[in-house]
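Engineer: Have a look at this one.
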Amino acid sequence: MVIESCQIPYRCVYPLSALAIILSEQSFGGEELNHKVMICGIDTSSLPVLKQGEMRTLLQRAKAGDNEARERFIFGNLRLVLSVVQRFSGRGEQADDLFQVGCIGLMKAISGFDLSLDVRFSTYAVPMIAGEIRRHLRDYSAVRVSRSIRDLAYQAMQAKNKLAESLDHEPTIAEIAQELSRPEADVIFALDAISDPVSLYEPVYHSEDDAVCILDQIKDDKDGESQWLNSIALEEGISHLNEREQKILKMRYFGCRTQMEVSKEIGISQAQVSRLEKSALKQLEKYVTL
């Protein structure tokens, strides 16, 4: 069995005894993952699956300091790591990076598993592996989040789980904020900050001919269809005003001038400016949809 170190992307070297990882392809996705990842030149689809009794025996020996048993146990649970890694496909991360991080989670699970409890190892290991991968994605994603905000978000998630058990319902943001003695706005901001970014081109619906992306469902209220139609209508309406009315509107709404300033420049009273302005706006309402 070949023994190598795995270079973790965040400049940390963690010894993966029993693993020499070779990936036949850098990208991965969905069901094809098991056939693409090669470990020690072996197709992962042929990796051994340990029986429950054998797994418990190896784990007991590993806990007692038997390195060979530990390596056999890790090798026998690589399928478990791969099954968890598949959940995170399409995140823009290399398969080998996620696999290495998942293996770290597996080894942490081995170290932390309590044999005295009547719990299957996979039940304990899967959340550990998934948590290690999520932590990697959050801490080393393209969107950088400060440590203090990440810590608050993790505290909020822990408080959420704690309150869900004690309250028997999904806790609200207000309840989580009260539990942490923090403002609701801070909790909301922290939880949003660690949320996984989603591409605007992420498909949300597939049909035979085409796919509907998130971008297709977003409306731009600032420059929507009604906005530019109103701009055309407004231009048309202004063209029907006389020269003095156009000048008053231009000075009032584009020059930010007061009625008194307009009256002095045009040479009429403020009351006349007000009357002409109201008359012009009344005419524009015929062209523009409010």
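Going through the structure tokens in order, the chains are called A, B, and so on, while each chain numbers its residues from 1 and the ligands are numbered from 1 in the order shown.
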Write out as a PyMOL selection string the residues lying within 10 Å of Ser111 in chain A, counting only C-alpha atoms and excluding same-chain residues fewer than 5 positions away.

Structural biologist: chain A and resi 59+62-63+105-106

Engineer: Export N, CA, C and O atoms of the chosen residues as a tab-separated table (two decimals), in the first residue's frame?

Structural biologist:
chain	number	residue	atom	x	y	z
A	59	LEU	N	-11.98	-0.91	14.02
A	59	LEU	CA	-12.06	0.37	14.73
A	59	LEU	C	-11.53	0.23	16.16
A	59	LEU	O	-10.83	1.12	16.66
A	62	ALA	N	-7.84	0.13	15.81
A	62	ALA	CA	-7.32	1.45	15.48
A	62	ALA	C	-7.31	2.35	16.70
A	62	ALA	O	-6.35	3.12	16.91
A	63	LYS	N	-8.34	2.26	17.52
A	63	LYS	CA	-8.41	3.06	18.74
A	63	LYS	C	-7.29	2.66	19.71
A	63	LYS	O	-6.83	3.48	20.50
A	105	GLY	N	-12.22	14.72	7.24
A	105	GLY	CA	-13.43	14.54	8.04
A	105	GLY	C	-13.60	13.10	8.48
A	105	GLY	O	-14.03	12.82	9.62
A	106	LEU	N	-13.26	12.17	7.59
A	106	LEU	CA	-13.35	10.74	7.94
A	106	LEU	C	-12.41	10.41	9.10
A	106	LEU	O	-12.80	9.71	10.04

Engineer: Give me every strand (DSSP E or B) residue in range 113-255 of chain A, going by DSSP on the backbone, as a compact mmCIF listing (two decimals) with all heavy atoms, in the first residue's frame.

Structural biologist:
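Done, and the output landed in states32.txt:
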# COMPACT_ATOMS: atom_id res chain seq x y z
N PRO A 203 -29.40 26.41 -13.67
CA PRO A 203 -30.72 26.00 -14.18
C PRO A 203 -31.68 25.66 -13.03
O PRO A 203 -31.30 25.01 -12.06
CB PRO A 203 -30.40 24.73 -15.00
CG PRO A 203 -28.93 24.79 -15.25
CD PRO A 203 -28.33 25.48 -14.06
N VAL A 204 -32.89 26.15 -13.13
CA VAL A 204 -33.92 25.84 -12.14
C VAL A 204 -35.01 24.95 -12.74
O VAL A 204 -35.83 24.40 -12.01
CB VAL A 204 -34.55 27.13 -11.56
CG1 VAL A 204 -33.53 27.91 -10.77
CG2 VAL A 204 -35.14 28.00 -12.67
N TYR A 205 -34.99 24.85 -14.06
CA TYR A 205 -35.99 24.01 -14.74
C TYR A 205 -35.42 23.56 -16.07
O TYR A 205 -34.79 24.34 -16.79
CB TYR A 205 -37.29 24.78 -14.95
CG TYR A 205 -38.31 24.03 -15.79
CD1 TYR A 205 -39.06 22.99 -15.24
CD2 TYR A 205 -38.50 24.37 -17.13
CE1 TYR A 205 -39.97 22.30 -16.01
CE2 TYR A 205 -39.42 23.68 -17.90
CZ TYR A 205 -40.16 22.65 -17.34
OH TYR A 205 -41.06 21.96 -18.10
N HIS A 206 -35.61 22.30 -16.38
CA HIS A 206 -35.15 21.75 -17.64
C HIS A 206 -36.34 21.27 -18.47
O HIS A 206 -37.25 20.61 -17.95
CB HIS A 206 -34.20 20.56 -17.42
CG HIS A 206 -32.85 20.97 -16.92
ND1 HIS A 206 -31.83 21.37 -17.75
CD2 HIS A 206 -32.36 21.05 -15.66
CE1 HIS A 206 -30.76 21.67 -17.04
NE2 HIS A 206 -31.05 21.49 -15.76
N ALA A 211 -33.31 25.19 -21.04
CA ALA A 211 -33.34 25.25 -19.59
C ALA A 211 -33.64 26.67 -19.14
O ALA A 211 -33.25 27.64 -19.79
CB ALA A 211 -32.01 24.78 -19.00
N VAL A 212 -34.37 26.78 -18.05
CA VAL A 212 -34.68 28.09 -17.46
C VAL A 212 -33.70 28.34 -16.33
O VAL A 212 -33.58 27.52 -15.41
CB VAL A 212 -36.13 28.13 -16.93
CG1 VAL A 212 -36.41 29.47 -16.27
CG2 VAL A 212 -37.12 27.89 -18.07
N CYS A 213 -32.99 29.46 -16.40
CA CYS A 213 -31.99 29.80 -15.38
C CYS A 213 -32.56 30.83 -14.40
O CYS A 213 -33.60 31.43 -14.65
CB CYS A 213 -30.73 30.36 -16.03
SG CYS A 213 -29.93 29.21 -17.18

Engineer: Could you check which of A:Thr172, A:Gln100, A:Gln155, A:Ser116 is closest to Glu132 in chain A, using only C-alpha atoms?

Structural biologist: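 Once distances to Glu132 in chain A are computed over only C-alpha atoms, the minimum belongs to A:Gln100.
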
Engineer: Quick one: residues within 9 Å of Arg150 in chain A, only C-alpha atoms counted, chain neighbours fewer than 2 positions away excluded, as a list in words?

Structural biologist: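 With the cut-off at 9 Å, the set is Arg138, Asp139, Val145, Ser146, Arg147, Ser148, Leu152, Ala153, Tyr154, Gln155, Ala190, Leu191, Ala193 and Ile194 of chain A.
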
Engineer: With only C-alpha atoms as the basis for distance, which of A:Ile133, A:Phe88, A:Phe189, A:Val49 is at the shortest distance from Gly102 in chain A?

Structural biologist: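 Looking at the shortest contact to Gly102 in chain A, the residue is A:Ile133.
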
Engineer: Would you list, as a PyMOL selection string, the residues of range 147-189 of chain A that end up in alpha helix (DSSP H) under DSSP run on this structure's backbone?

Structural biologist: chain A and resi 147-167+173-180+184-189
